[in-house]
Structure formats: C-alpha cells, structure tokens
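This is coords_36.cif. It holds mmCIF, C-alpha atoms.
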```
data_query
#
loop_
_atom_site.label_atom_id
_atom_site.label_comp_id
_atom_site.auth_asym_id
_atom_site.auth_seq_id
_atom_site.Cartn_x
_atom_site.Cartn_y
_atom_site.Cartn_z
CA MET A 11 -37.45 -30.76 -28.71
CA TRP A 12 -35.65 -27.43 -29.15
CA PRO A 13 -33.45 -26.69 -32.16
CA VAL A 14 -29.76 -27.42 -31.62
CA PRO A 15 -27.45 -24.46 -32.43
CA ALA A 16 -25.67 -24.79 -35.74
CA ASP A 17 -22.27 -24.28 -34.16
CA ASP A 18 -22.64 -27.67 -32.46
CA PHE A 19 -21.87 -29.16 -35.88
CA ASN A 20 -19.37 -28.66 -38.68
CA GLU A 21 -22.23 -27.85 -41.06
CA GLY A 22 -23.30 -24.24 -41.20
CA HIS A 23 -27.05 -24.80 -41.05
CA PRO A 24 -29.41 -25.43 -38.13
CA VAL A 25 -30.20 -28.99 -37.24
CA THR A 26 -33.06 -30.24 -35.10
CA ALA A 27 -32.36 -32.84 -32.44
CA THR A 28 -35.46 -34.81 -33.42
CA LEU A 29 -33.77 -35.69 -36.73
CA LEU A 30 -30.91 -37.51 -35.00
CA PRO A 31 -30.65 -41.13 -33.82
CA SER A 32 -31.55 -41.53 -30.15
CA HIS A 33 -28.00 -42.30 -28.96
CA THR A 34 -26.62 -39.26 -30.83
CA LYS A 35 -29.43 -37.12 -29.45
CA ARG A 36 -28.63 -38.12 -25.86
CA ALA A 37 -24.94 -37.38 -26.31
CA LEU A 38 -25.69 -34.01 -27.91
CA LEU A 39 -28.16 -32.99 -25.22
CA SER A 40 -25.67 -33.89 -22.50
CA ARG A 41 -22.95 -31.90 -24.22
CA HIS A 42 -25.31 -29.00 -24.68
CA HIS A 43 -26.04 -28.89 -20.92
CA ILE A 44 -22.46 -28.95 -19.61
CA VAL A 45 -21.21 -25.46 -18.75
CA ALA A 46 -17.78 -24.72 -17.29
CA PRO A 47 -18.17 -23.26 -13.78
CA SER A 48 -17.84 -19.51 -13.39
CA LEU A 49 -16.00 -18.92 -10.10
CA ARG A 50 -15.28 -15.23 -10.56
CA VAL A 51 -16.57 -11.76 -9.84
CA ALA A 52 -18.17 -10.90 -13.18
CA ASP A 53 -17.93 -7.38 -14.58
CA ALA A 54 -20.44 -7.52 -17.46
CA ALA A 55 -23.18 -4.92 -17.19
CA ALA A 56 -26.05 -7.33 -16.47
CA ALA A 57 -23.96 -9.20 -13.90
CA SER A 58 -22.97 -5.96 -12.17
CA VAL A 59 -26.56 -4.75 -11.98
CA PHE A 60 -27.82 -8.10 -10.69
CA GLY A 61 -24.96 -8.20 -8.17
CA ALA A 62 -25.88 -4.75 -6.86
CA ALA A 63 -29.49 -5.84 -6.39
CA ARG A 64 -28.39 -9.08 -4.74
CA MET A 65 -26.07 -7.41 -2.25
CA ARG A 66 -27.88 -4.11 -1.65
CA GLY A 67 -31.51 -4.52 -2.71
CA PRO A 68 -34.11 -3.18 -2.65
CA ILE A 69 -32.17 -0.56 -4.58
CA ALA A 70 -33.07 2.29 -6.94
CA ARG A 71 -31.63 2.48 -10.43
CA ASP A 72 -29.70 5.68 -9.76
CA VAL A 73 -28.04 4.02 -6.74
CA ILE A 74 -27.16 1.03 -8.91
CA ALA A 75 -25.49 3.43 -11.34
CA LYS A 76 -23.40 4.90 -8.52
CA VAL A 77 -22.24 1.60 -7.03
CA THR A 78 -21.52 -0.06 -10.39
CA GLN A 79 -20.16 3.08 -12.11
CA LEU A 80 -22.38 2.33 -15.11
CA SER A 81 -24.34 5.03 -16.92
CA ILE A 82 -27.98 5.42 -15.93
CA ALA A 83 -28.97 4.52 -19.50
CA THR A 84 -27.05 1.25 -19.27
CA VAL A 85 -28.55 0.49 -15.86
CA ASN A 86 -32.07 1.15 -17.14
CA ARG A 87 -31.54 -1.23 -20.09
CA GLN A 88 -30.16 -3.98 -17.89
CA VAL A 89 -32.84 -3.60 -15.22
CA THR A 90 -35.53 -3.85 -17.90
CA ALA A 91 -33.92 -7.01 -19.29
CA LEU A 92 -33.58 -8.54 -15.81
CA LEU A 93 -37.21 -7.71 -15.02
CA ASP A 94 -38.27 -9.35 -18.28
CA ALA A 95 -36.14 -12.39 -17.42
CA GLY A 96 -38.00 -12.68 -14.12
CA ILE A 97 -35.09 -12.50 -11.68
CA LEU A 98 -35.66 -8.90 -10.59
CA ARG A 99 -38.92 -7.40 -9.45
CA GLU A 100 -40.02 -3.83 -8.79
CA ARG A 101 -41.02 -2.60 -5.35
CA ALA A 102 -43.40 0.25 -6.11
CA ASP A 103 -44.42 0.21 -2.44
CA LEU A 104 -40.93 1.41 -1.54
CA ALA A 105 -40.75 4.26 -4.07
CA VAL A 106 -39.66 7.60 -2.63
CA SER A 107 -42.70 9.68 -1.77
CA GLY A 108 -43.30 12.39 -4.35
CA ALA A 109 -40.70 11.03 -6.78
CA ILE A 110 -41.70 11.09 -10.44
CA GLY A 111 -40.66 8.45 -12.94
CA ARG A 112 -39.87 4.78 -12.92
CA PRO A 113 -36.13 5.14 -12.17
CA ARG A 114 -37.00 5.89 -8.54
CA VAL A 115 -38.88 2.61 -8.08
CA PRO A 116 -36.52 0.23 -6.24
CA VAL A 117 -35.84 -3.25 -7.56
CA GLU A 118 -34.83 -6.42 -5.75
CA VAL A 119 -34.00 -10.04 -6.50
CA ASN A 120 -37.09 -12.12 -7.26
CA HIS A 121 -35.82 -15.14 -5.39
CA GLU A 122 -38.94 -17.01 -4.24
CA PRO A 123 -39.80 -18.75 -7.54
CA PHE A 124 -36.35 -20.26 -8.12
CA LEU A 125 -33.67 -22.55 -6.73
CA THR A 126 -30.42 -24.14 -7.83
CA LEU A 127 -29.25 -27.62 -6.95
CA GLY A 128 -25.79 -28.39 -5.58
CA LEU A 129 -24.07 -31.73 -4.97
CA HIS A 130 -20.91 -32.12 -2.97
CA ILE A 131 -19.55 -35.59 -3.68
CA GLY A 132 -17.27 -36.52 -0.80
CA ALA A 133 -15.18 -39.61 -0.27
CA ARG A 134 -17.70 -40.82 2.32
CA THR A 135 -20.77 -38.57 2.17
CA THR A 136 -22.62 -36.72 -0.58
CA SER A 137 -24.58 -33.58 0.25
CA ILE A 138 -27.53 -32.51 -1.93
CA VAL A 139 -28.26 -28.83 -1.44
CA ALA A 140 -31.07 -26.50 -2.52
CA THR A 141 -29.87 -22.88 -2.75
CA ASP A 142 -31.75 -19.64 -3.44
CA LEU A 143 -30.52 -16.83 -5.68
CA PHE A 144 -28.79 -15.11 -2.76
CA GLY A 145 -26.67 -18.20 -2.15
CA ARG A 146 -28.58 -19.11 1.01
CA THR A 147 -29.11 -22.79 1.75
CA LEU A 148 -32.81 -23.65 1.66
CA ASP A 149 -32.35 -27.29 2.56
CA VAL A 150 -29.65 -29.97 2.58
CA VAL A 151 -29.73 -33.74 2.82
CA GLU A 152 -26.78 -36.05 3.25
CA THR A 153 -26.45 -39.55 1.89
CA PRO A 154 -23.55 -42.01 1.84
CA THR A 155 -21.60 -41.71 -1.38
CA PRO A 156 -22.44 -44.88 -3.35
CA ARG A 157 -19.62 -47.41 -3.24
CA ALA A 158 -20.92 -49.50 -6.13
CA GLY A 159 -19.28 -49.53 -9.53
CA GLN A 160 -18.82 -46.18 -11.25
CA ALA A 161 -21.84 -46.42 -13.57
CA ALA A 162 -24.17 -47.67 -10.83
CA ALA A 163 -22.93 -45.02 -8.40
CA LEU A 164 -23.55 -42.19 -10.87
CA ALA A 165 -26.99 -43.52 -11.73
CA SER A 166 -27.83 -43.71 -8.02
CA LEU A 167 -26.67 -40.13 -7.36
CA ALA A 168 -28.59 -38.81 -10.37
CA ASP A 169 -31.76 -40.60 -9.26
CA SER A 170 -31.37 -39.20 -5.73
CA ALA A 171 -31.04 -35.69 -7.19
CA ARG A 172 -34.10 -36.21 -9.42
CA ARG A 173 -36.23 -37.40 -6.50
CA TYR A 174 -34.98 -34.52 -4.35
CA LEU A 175 -35.93 -31.95 -7.00
CA SER A 176 -39.39 -33.47 -7.36
CA ARG A 177 -40.17 -32.27 -3.81
CA TRP A 178 -39.83 -28.61 -4.79
CA HIS A 179 -43.21 -27.94 -6.37
CA ARG A 180 -43.22 -24.16 -5.89
CA ARG A 181 -39.70 -23.36 -7.06
CA ARG A 182 -38.25 -23.74 -10.53
CA PRO A 183 -34.80 -25.35 -10.65
CA LEU A 184 -32.35 -23.39 -12.81
CA TRP A 185 -28.95 -25.06 -12.63
CA VAL A 186 -26.97 -27.92 -11.10
CA GLY A 187 -23.53 -27.47 -9.55
CA VAL A 188 -21.27 -30.34 -8.57
CA ALA A 189 -18.21 -30.03 -6.33
CA ALA A 190 -15.99 -33.08 -5.96
CA GLY A 191 -12.47 -34.15 -5.09
CA GLY A 192 -10.14 -35.64 -7.63
CA VAL A 193 -9.39 -34.14 -11.05
CA VAL A 194 -12.27 -32.41 -12.84
CA ASP A 195 -12.55 -31.73 -16.56
CA SER A 196 -14.84 -28.71 -16.35
CA ALA A 197 -15.40 -28.55 -20.11
CA THR A 198 -16.89 -32.05 -20.29
CA GLY A 199 -18.07 -32.59 -16.71
CA HIS A 200 -15.97 -35.74 -16.34
CA LEU A 201 -14.17 -36.68 -13.12
CA ASP A 202 -11.23 -38.82 -12.06
CA HIS A 203 -11.62 -39.70 -8.37
CA PRO A 204 -9.11 -42.35 -7.22
CA ARG A 205 -10.58 -42.51 -3.70
CA LEU A 206 -13.90 -43.63 -5.20
CA GLY A 207 -12.35 -45.71 -7.94
CA TRP A 208 -13.81 -43.44 -10.65
CA SER A 209 -11.94 -42.86 -13.90
CA ASP A 210 -13.22 -40.43 -16.52
CA ALA A 211 -16.61 -40.64 -14.81
CA PRO A 212 -19.28 -38.69 -16.78
CA VAL A 213 -20.74 -36.97 -13.73
CA GLY A 214 -21.97 -33.90 -15.60
CA PRO A 215 -23.48 -35.73 -18.59
CA VAL A 216 -25.32 -38.25 -16.41
CA LEU A 217 -26.87 -35.51 -14.27
CA ALA A 218 -27.67 -33.37 -17.31
CA GLU A 219 -29.45 -36.24 -19.05
CA THR A 220 -31.35 -37.24 -15.91
CA LEU A 221 -32.38 -33.76 -14.78
CA GLY A 222 -32.57 -31.81 -18.05
CA LEU A 223 -30.72 -28.88 -16.46
CA PRO A 224 -27.43 -27.12 -17.18
CA VAL A 225 -24.67 -28.72 -15.10
CA SER A 226 -21.33 -27.29 -13.96
CA VAL A 227 -18.67 -29.43 -12.28
CA ALA A 228 -15.74 -28.04 -10.27
CA SER A 229 -12.99 -29.22 -7.97
CA HIS A 230 -14.37 -29.04 -4.44
CA VAL A 231 -11.55 -26.83 -3.11
CA ASP A 232 -11.94 -24.45 -6.06
CA ALA A 233 -15.66 -24.39 -5.26
CA MET A 234 -15.06 -23.52 -1.60
CA ALA A 235 -12.69 -20.74 -2.63
CA GLY A 236 -15.42 -19.56 -5.00
CA ALA A 237 -17.89 -19.44 -2.13
CA GLU A 238 -15.52 -17.18 -0.19
CA LEU A 239 -15.22 -14.99 -3.28
CA LEU A 240 -18.89 -14.74 -4.27
CA LEU A 241 -21.00 -15.55 -1.20
CA SER A 242 -18.95 -14.36 1.76
CA ALA A 243 -19.87 -11.08 3.41
CA ARG A 244 -16.19 -10.11 3.15
CA ARG A 245 -15.58 -8.78 -0.34
CA PRO A 246 -12.20 -8.71 -2.15
CA ALA A 247 -10.11 -5.66 -1.28
CA GLY A 248 -9.43 -4.77 -4.90
CA PRO A 249 -9.10 -6.06 -8.46
CA SER A 250 -5.50 -7.23 -7.91
CA THR A 251 -6.11 -9.00 -4.58
CA THR A 252 -4.86 -12.57 -4.23
CA SER A 253 -6.36 -15.03 -1.79
CA LEU A 254 -5.09 -18.46 -0.72
CA TYR A 255 -7.65 -21.01 0.47
CA VAL A 256 -6.38 -24.10 2.32
CA TYR A 257 -8.73 -27.02 2.98
CA ALA A 258 -8.38 -30.03 5.26
CA ARG A 259 -10.72 -32.78 6.33
CA GLU A 260 -10.51 -36.30 4.94
CA THR A 261 -8.44 -34.84 2.09
CA VAL A 262 -6.29 -31.72 1.86
CA GLY A 263 -6.12 -29.15 -0.92
CA TYR A 264 -5.65 -25.52 -1.81
CA ALA A 265 -6.97 -22.95 -4.27
CA LEU A 266 -5.70 -19.53 -5.30
CA SER A 267 -7.93 -16.61 -6.29
CA ILE A 268 -6.36 -13.85 -8.34
CA GLY A 269 -8.10 -10.59 -9.16
CA GLY A 270 -11.59 -11.83 -8.35
CA ARG A 271 -11.26 -15.19 -10.12
CA VAL A 272 -10.46 -18.67 -8.78
CA HIS A 273 -7.42 -19.89 -10.68
CA SER A 274 -8.41 -23.24 -12.20
CA PRO A 275 -5.72 -24.80 -14.41
CA ALA A 276 -7.03 -26.70 -17.43
CA SER A 277 -5.27 -29.85 -16.26
CA GLY A 278 -6.93 -29.69 -12.84
CA PRO A 279 -5.87 -28.28 -9.48
CA GLY A 280 -2.47 -28.85 -7.97
CA THR A 281 -2.09 -31.10 -4.96
CA ILE A 282 -0.59 -30.66 -1.51
CA ALA A 283 -1.41 -34.20 -0.37
CA ALA A 284 2.23 -35.26 -0.69
CA LEU A 285 3.80 -32.28 1.06
CA PRO A 286 6.31 -33.55 3.62
CA ALA A 287 4.86 -33.84 7.12
CA HIS A 288 6.15 -35.76 10.10
CA SER A 289 4.40 -36.68 13.31
CA GLU A 290 5.29 -39.61 15.55
CA LEU A 291 2.04 -39.13 17.43
CA LEU A 292 -0.23 -39.22 14.37
CA GLY A 293 1.82 -41.60 12.26
CA GLY A 294 1.12 -41.43 8.54
CA THR A 295 3.47 -41.97 5.62
CA GLY A 296 5.44 -38.76 5.99
CA GLN A 297 3.01 -36.91 3.73
CA LEU A 298 0.51 -34.23 4.69
CA GLU A 299 -2.79 -35.91 3.81
CA SER A 300 -1.98 -39.25 5.44
CA THR A 301 -0.87 -37.39 8.58
CA VAL A 302 -3.73 -34.91 9.18
CA SER A 303 -6.79 -36.54 7.60
CA ASP A 304 -9.78 -37.48 9.74
CA GLU A 305 -8.88 -41.13 9.20
CA ALA A 306 -5.30 -40.54 10.39
CA VAL A 307 -6.49 -38.92 13.62
CA LEU A 308 -9.03 -41.67 14.20
CA THR A 309 -6.47 -44.40 13.54
CA ALA A 310 -4.10 -42.79 16.07
CA ALA A 311 -6.93 -42.56 18.62
CA ARG A 312 -7.71 -46.25 18.16
CA ARG A 313 -4.05 -47.11 18.52
CA GLN A 314 -3.99 -45.26 21.85
CA ARG A 315 -7.32 -46.89 22.84
CA LEU A 316 -9.04 -43.56 23.19
CA VAL A 317 -11.92 -45.08 21.23
CA PRO A 318 -12.76 -48.73 20.47
CA ALA A 319 -11.19 -50.36 17.43
CA GLU A 320 -14.64 -50.61 15.86
CA GLY A 321 -18.29 -49.99 16.59
CA PRO A 322 -20.62 -46.98 16.72
CA THR A 323 -18.43 -45.07 19.20
CA SER A 324 -15.25 -45.53 17.15
CA THR A 325 -15.57 -42.13 15.49
CA LEU A 326 -13.76 -38.84 15.22
CA ALA A 327 -16.73 -37.19 16.93
CA ALA A 328 -15.96 -39.32 19.99
CA VAL A 329 -12.36 -38.08 19.94
CA LEU A 330 -13.57 -34.47 19.82
CA THR A 331 -15.96 -35.10 22.69
CA ALA A 332 -13.18 -36.64 24.78
CA ALA A 333 -10.94 -33.64 24.15
CA ARG A 334 -13.66 -31.22 25.22
CA ARG A 335 -14.18 -33.25 28.39
CA GLY A 336 -10.54 -32.77 29.30
CA ASN A 337 -8.97 -36.01 28.06
CA GLY A 338 -5.26 -35.16 27.72
CA GLN A 339 -4.50 -37.78 25.07
CA ALA A 340 -7.33 -36.60 22.83
CA ARG A 341 -6.26 -32.99 23.24
CA ALA A 342 -2.69 -33.91 22.39
CA LEU A 343 -3.76 -35.65 19.18
CA LEU A 344 -5.81 -32.68 18.00
CA ALA A 345 -3.09 -30.20 18.99
CA GLU A 346 -0.58 -32.24 16.98
CA ARG A 347 -2.86 -32.20 13.95
CA ALA A 348 -3.18 -28.42 14.36
CA ARG A 349 0.59 -28.05 14.53
CA VAL A 350 1.17 -29.99 11.32
CA LEU A 351 -1.57 -28.05 9.56
CA GLY A 352 -0.21 -24.71 10.75
CA GLU A 353 3.25 -25.53 9.42
CA ALA A 354 1.80 -26.63 6.06
CA VAL A 355 -0.22 -23.41 5.77
CA ALA A 356 2.94 -21.44 6.54
CA LEU A 357 4.83 -23.24 3.79
CA LEU A 358 2.13 -22.46 1.24
CA ARG A 359 1.88 -18.85 2.41
CA ASP A 360 5.64 -18.35 2.11
CA MET A 361 5.63 -19.77 -1.44
CA LEU A 362 2.64 -17.78 -2.71
CA ASN A 363 2.51 -14.78 -0.34
CA PRO A 364 -1.19 -13.98 -0.88
CA ASP A 365 -2.94 -10.83 0.31
CA ASP A 366 -5.62 -12.89 2.05
CA LEU A 367 -5.28 -16.27 3.76
CA VAL A 368 -8.32 -18.45 4.46
CA VAL A 369 -8.59 -21.94 5.95
CA GLY A 370 -11.63 -24.18 5.78
CA GLY A 371 -12.78 -27.73 6.23
CA GLN A 372 -13.68 -29.60 9.40
CA ALA A 373 -10.05 -30.14 10.37
CA PHE A 374 -10.09 -26.41 11.18
CA THR A 375 -13.74 -25.66 11.95
CA GLU A 376 -14.99 -28.74 13.83
CA TYR A 377 -12.49 -28.17 16.65
CA PRO A 378 -12.04 -24.37 16.76
CA GLU A 379 -10.14 -24.76 20.02
CA GLY A 380 -7.23 -25.97 17.88
CA MET A 381 -6.91 -22.74 15.89
CA GLU A 382 -4.63 -21.29 18.58
CA ASP A 383 -2.20 -24.16 17.89
CA VAL A 384 -2.56 -23.67 14.12
CA THR A 385 -1.75 -19.98 14.47
CA ALA A 386 1.22 -20.59 16.76
CA ALA A 387 2.73 -23.21 14.42
CA PHE A 388 2.11 -20.95 11.44
CA ALA A 389 3.87 -18.00 13.09
CA ALA A 390 6.83 -20.14 14.16
CA ARG A 391 7.27 -21.71 10.71
CA SER A 392 6.69 -18.74 8.38
CA VAL A 393 9.71 -16.62 7.46
CA LEU A 394 7.60 -13.72 6.12
CA PRO A 395 6.06 -10.88 8.16
CA PRO A 396 3.05 -11.79 10.33
CA ARG A 397 -0.21 -12.49 8.49
CA GLU A 398 -3.69 -13.14 9.85
CA ILE A 399 -5.23 -16.53 9.18
CA ARG A 400 -8.94 -16.13 8.50
CA VAL A 401 -11.25 -19.07 9.15
CA THR A 402 -13.96 -19.59 6.51
CA THR A 403 -17.21 -17.76 7.17
CA PHE A 404 -19.16 -20.93 6.33
CA GLY A 405 -17.91 -23.06 9.23
CA ASN A 406 -18.85 -26.73 9.00
CA ARG A 407 -21.20 -25.96 6.08
CA VAL A 408 -18.40 -25.09 3.68
CA GLN A 409 -19.01 -28.13 1.46
CA GLU A 410 -22.62 -27.16 0.80
CA ALA A 411 -21.59 -23.54 0.20
CA GLY A 412 -19.07 -24.76 -2.38
CA ALA A 413 -21.65 -26.86 -4.21
CA GLY A 414 -24.11 -23.98 -4.03
CA VAL A 415 -21.77 -21.45 -5.61
CA VAL A 416 -20.97 -23.81 -8.51
CA SER A 417 -24.72 -23.98 -9.18
CA LEU A 418 -24.99 -20.17 -9.03
CA GLY A 419 -21.82 -19.08 -10.79
CA GLY A 420 -23.30 -19.19 -14.28
CA LEU A 421 -26.30 -17.16 -13.17
CA TYR A 422 -24.15 -14.54 -11.44
CA ALA A 423 -21.86 -14.21 -14.48
CA ASP A 424 -24.61 -14.01 -17.11
CA PRO A 425 -28.04 -13.73 -15.47
CA ILE A 426 -29.99 -13.04 -18.64
CA GLY A 427 -28.33 -15.83 -20.61
CA ALA A 428 -28.78 -18.24 -17.69
CA MET A 429 -32.48 -17.49 -17.43
CA ARG A 430 -32.88 -17.91 -21.18
CA ARG A 431 -31.26 -21.33 -20.91
CA ALA A 432 -33.41 -22.24 -17.91
CA ARG A 433 -36.60 -21.21 -19.71
CA ARG A 434 -35.64 -23.41 -22.65
CA ASN A 435 -35.16 -26.40 -20.35
CA TYR A 436 -38.16 -25.88 -18.08
CA ALA A 437 -40.74 -27.57 -20.30
CA GLU A 438 -38.57 -30.68 -20.46
CA ILE A 439 -38.13 -30.77 -16.67
CA THR A 440 -41.86 -30.30 -16.06
CA GLY A 441 -42.64 -33.13 -18.43
CA ARG A 442 -40.21 -35.48 -16.69
CA TYR A 443 -41.43 -34.80 -13.16
CA SER A 444 -45.12 -34.97 -14.05
CA SER A 445 -44.75 -38.34 -15.80
#
```
Structure rendered as structure tokens:
Amino acid sequence: MWPVPADDFNEGHPVTATLLPSHTKRALLSRHHIVAPSLRVADAAAASVFGAARMRGPIARDVIAKVTQLSIATVNRQVTALLDAGILRERADLAVSGAIGRPRVPVEVNHEPFLTLGLHIGARTTSIVATDLFGRTLDVVETPTPRAGQAAALASLADSARRYLSRWHRRRPLWVGVAAGGVVDSATGHLDHPRLGWSDAPVGPVLAETLGLPVSVASHVDAMAGAELLLSARRPAGPSTTSLYVYARETVGYALSIGGRVHSPASGPGTIAALPAHSELLGGTGQLESTVSDEAVLTAARRQRLVPAEGPTSTLAAVLTAARRGNGQARALLAERARVLGEAVALLRDMLNPDDLVVGGQAFTEYPEGMEDVTAAFAARSVLPPREIRVTTFGNRVQEAGAGVVSLGGLYADPIGAMRRARRNYAEITGRYSS
C-alpha cells in the first residue's frame, strides 16, 4: 500500500494506510481517489504542450513553442517530462532531413497503451465508454440503469465497470469519469438523483474503491458542454468567449462556458425544467421538461393512437419512423416539440446573450428534420439580433462524449500529475484484475 500524504490528516507527519483500521483505510482510499472534474482549457505549460501535440501532432518542439507562445527552453523541459511520463513519444522517422539536434525530432501522443473509462448514468440507460487520449471513443456498451435500491444499483454499476475494464488487456486504464443528471457534489463524488431515487449516493467513492482509479463526477450537461469545449473540432474564439449549451432528451438542462471553462456552481447546476411551456398538443404540466421530454412525446403519441399503449412498438423510435414515412400526426407532434424547444432556447439566449449557442441531446439530433422548426421558433421569440444555433458536433453520441471528457479532463489539465497518479494506482489495479 502506498503512503498517504500527510496533508490528508491534521498531524504534520506521514502516515501509512496499512497502519489504519480497514474501514478507515477504505474511506481514506476512496477520498484520495476522488478528483473534481476539470472542464476547462488549461493554460499550464505541460497542458499547453500536450494539447499542441494532441491537436497538431506529430509536431516539432519549435512549432510547439510558436503555437503555445512558450519559450523553447520551457517546451524542451515539458516535452522531456511528458516523454518520461510515457504519454508522448518521439518520431525520429519523421525528423527533417539534414536537421541537427533533438529539437527537430517531432513528438506525438503515445495513445495506444492507455484508455480512460467513462460512465453516463441516464434515467433509463447507462453507457460505459472506453476513450483514448485524443477523446475518441474506442468502444461503448449500454445497459439499463439499475432500478434496485441505491446501494445495490451502485454496486451493480461498479461491478459492470470492473468487468468491462478487465477486457482491455493491452491498454492501461488511467481515470474514470462519470456524467449524471441530478445534483453532483464534485468534491466528494456524491449524487442526488430524484429520478432514480438516489440521495447523497456515493457514486465516486464506490467506483474508486472497486476500480482503484481516480474518479471524477460531473453533471451530465456540464460534461456535454465540456466535450464541446475540449473535444470539438471548433475551438473557442478567444479567452473571453461565452458559450451556452442547451440539452434536451428525457430531461432538459443548460450549461454556460465562460473564458474556456464550464461554469459549475458549487451548489450544482441551475435548472430549466420548470420554465413555463404550454402545448395543448403535447400536454404536460405547463413546465418545459414535462412538455418536451421523450416520455411526453410518447405519451401524446399513445393518446392519439399513433403507437400502441404498450408493447415493443410503443416507442419514440416508432413515432420518428412514422413521421419520416409521412404520417401527419407524428410530424405535427415533433414539430410542436421543436417549437417549444426553440422558444425556450430563445428565452435562455435573451437572458444570457452568449457569443456561441449550441444545442444537443436526442430531442434535437435524433430528428434533425425538426431543426428548421426550432430555428423558426427561436427567431420569432428572441428579441435580440439574429444568432446562429449550432447543433452539437457529437450528434446522438453526445452522452458518451460527455462521459469521456470527464475521464480526460484531469489528464488534459495536468498530464504529468495525472500519469504520476495513474502509475501509483496501476499495481493495485493489476492485482485486482489478475486475482
């Protein structure tokens, strides 16, 4: 067992975890593994150098200096440290012919040996995602979110994650990222999720204890906004740029990014679920979420007998198929949902007036034909000058992108520190999976 840092205690001397009672040891290890998510564009030297290699590699050190505006001496130090950490590698085969000296040897991200693990815990489905160091999805599996009691559900999810990781024999897991609805305490990794009946659920600690990896937990809409910030091909326009991200599927939510950082209040994200929204066609309670959710659309379709009241064909997918086959009632339902969403986006835009406006979630991406109605309702409702609505670059895979970026944020912000932490944990992980 590794030594526990002295600052984990009031005493000023190092303490070793093996000296502690087992229950105290478990609690301490869990606490030691919980790391607040880093959903921001980091500007530390190591992060800037790693970012340049990630986005532009293979890349020479002098080019890194130009794009990061760091001195060549600083770049050389950071490249050496990142090479030693194992997440960069040199490409001597790509060195400029006739060039003398190591600075002309390009470097690139050494991505093949590693992965991070993401979990998106949805109200109905949980996605478990393996992501490489570029933020690319290597694999994803979906499983119904356990509906058992809170403790049993968490144990089941953690066991599923452990078994999933055991399949990856040739890649070393570095970090776990969790994106979930409800209210997240990022410092402790606990979650309140009324839809699931969870209260102060120790999501992060349970996963940390089961997997032996650092765990970060974030609100799922914050995570999706973070994916747009850190993984999207479209980069922020400048350090003062603001971006509004609006999400809708089974739930609705929003996140605001300011100056390259997702704004995450300590008390949890705000809510737009109760924004006023009225639709005789869709029904609902006069509030946004109960009017535009997948369940609201499906309930309206059942009421109109577009789909059976129950059974395997009583699904939202069947409503979408009917609309694409020309069914006027199905099209009207989806157009009405788009109208309500467009007006809600306009209201948020007028309040916050961001520089960039992004929408995501299957309510927007699963039926792209409805975006024309969203845009028209937005333009009619907004009182500010025209503004483009940008649809997420991740399409229907936005949930897995969100979970992936939570698992990568710590590495992108502090790559050397993250690798040091991962190296410390690796022996424990190997021991668990080989037993």
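Taking all atoms listed in the file into account, A:Ser170 lies nearest to A:Ile138 out of the set A:Ala342, A:Ile138, A:Leu362, A:Ala197.
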Any idea what the distance is between atom CA of A:Leu418 and atom CA of A:Arg157?
-> 28.4 Å
Name all residues at most 12 Å from A:Gly338 (count only C-alpha atoms; drop same-chain ones fewer than 6 positions away) and give them as JSON, numbers by chain.
-> {"A": [311, 314, 316, 329, 330, 331, 332, 344, 345]}
Figure out the distance between atom CA of A:Glu152 and atom CA of A:Ala133, please, to one decimal in Å.
->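 Going from atom CA of A:Ala133 over to atom CA of A:Glu152, I get 12.6 Å.
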Answer as a PDB file with C-alpha atoms, in the frame of the given file, residues within 9 Å of (-16.2, -29.4, -16.1) using all atoms listed in the file:
```
ATOM      1  CA  ILE A  44     -22.460 -28.950 -19.610  1.00  0.00           C
ATOM      2  CA  VAL A  45     -21.210 -25.460 -18.750  1.00  0.00           C
ATOM      3  CA  ALA A  46     -17.780 -24.720 -17.290  1.00  0.00           C
ATOM      4  CA  PRO A  47     -18.170 -23.260 -13.780  1.00  0.00           C
ATOM      5  CA  VAL A 194     -12.270 -32.410 -12.840  1.00  0.00           C
ATOM      6  CA  ASP A 195     -12.550 -31.730 -16.560  1.00  0.00           C
ATOM      7  CA  SER A 196     -14.840 -28.710 -16.350  1.00  0.00           C
ATOM      8  CA  ALA A 197     -15.400 -28.550 -20.110  1.00  0.00           C
ATOM      9  CA  THR A 198     -16.890 -32.050 -20.290  1.00  0.00           C
ATOM     10  CA  GLY A 199     -18.070 -32.590 -16.710  1.00  0.00           C
ATOM     11  CA  HIS A 200     -15.970 -35.740 -16.340  1.00  0.00           C
ATOM     12  CA  LEU A 201     -14.170 -36.680 -13.120  1.00  0.00           C
ATOM     13  CA  GLY A 214     -21.970 -33.900 -15.600  1.00  0.00           C
ATOM     14  CA  VAL A 225     -24.670 -28.720 -15.100  1.00  0.00           C
ATOM     15  CA  SER A 226     -21.330 -27.290 -13.960  1.00  0.00           C
ATOM     16  CA  VAL A 227     -18.670 -29.430 -12.280  1.00  0.00           C
ATOM     17  CA  ALA A 228     -15.740 -28.040 -10.270  1.00  0.00           C
ATOM     18  CA  SER A 229     -12.990 -29.220  -7.970  1.00  0.00           C
TER      19      SER A 229
END
```
Hits of the PyMOL selection byres ((chain A and resi 62) around 12) in this structure, as a VMD selection string = chain A and resid 52 to 53 55 to 61 63 to 80 85 88 to 89 98 116 to 119 144 422
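Closest approach to A:Gly263 from the set A:Ala327, A:Val369, A:Val317, A:Ala54 is made by A:Val369, with distances taken over only C-alpha atoms.
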Pull out every residue that the PyMOL selection byres ((chain A and resi 370-383) around 7) matches in the shown coordinates and put them as a PyMOL selection string.
-> chain A and resi 256-259+344-345+348-349+368-369+384-387+401-402+405-406+408
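Selection by the PyMOL selection byres ((chain A and resi 271-276) around 7) on the present file picks out Leu49, Arg50, Val51, Asp232, Ala235, Gly236, Leu266, Ser267, Ile268, Gly269, Gly270, Ser277, Gly278 and Pro279 of chain A.
Between atom CA of A:Val393 and atom CA of A:His230 lies a distance of 29.6 Å.
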Considering all atoms listed in the file, return as a PyMOL selection string whatever protein or nucleic-acid residues lie within 10 Å of A:Glu346, sequence-local ones (same chain, fewer than 5 positions apart) excluded.
-> chain A and resi 289-292+301-302+307+340-341+351-352+380+383-384+387
May I ask which of the residues A:Leu240, A:Ala411, A:Leu285, A:Ala265 is the closest one to A:Leu357, counting only C-alpha atoms?
->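 Checking each of A:Leu240, A:Ala411, A:Leu285, A:Ala265 against A:Leu357, counting only C-alpha atoms, the winner is A:Leu285.
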Around all listed atoms of stretch 137-149 of chain A, padded 8 Å per side, what centre and edge lengths does the axis-aligned box have in Å to one decimal, as JSON?
```
{"center_x": -28.7, "center_y": -24.3, "center_z": -1.6, "size_x": 24.2, "size_y": 34.5, "size_z": 24.2}
```
Using only C-alpha atoms, find all polymer residues with an atom at most 6 Å away from the point (-19.3, -22.7, -9.3); report them as a ChimeraX atom specification.
-> /A:47-49,233,415-417,419
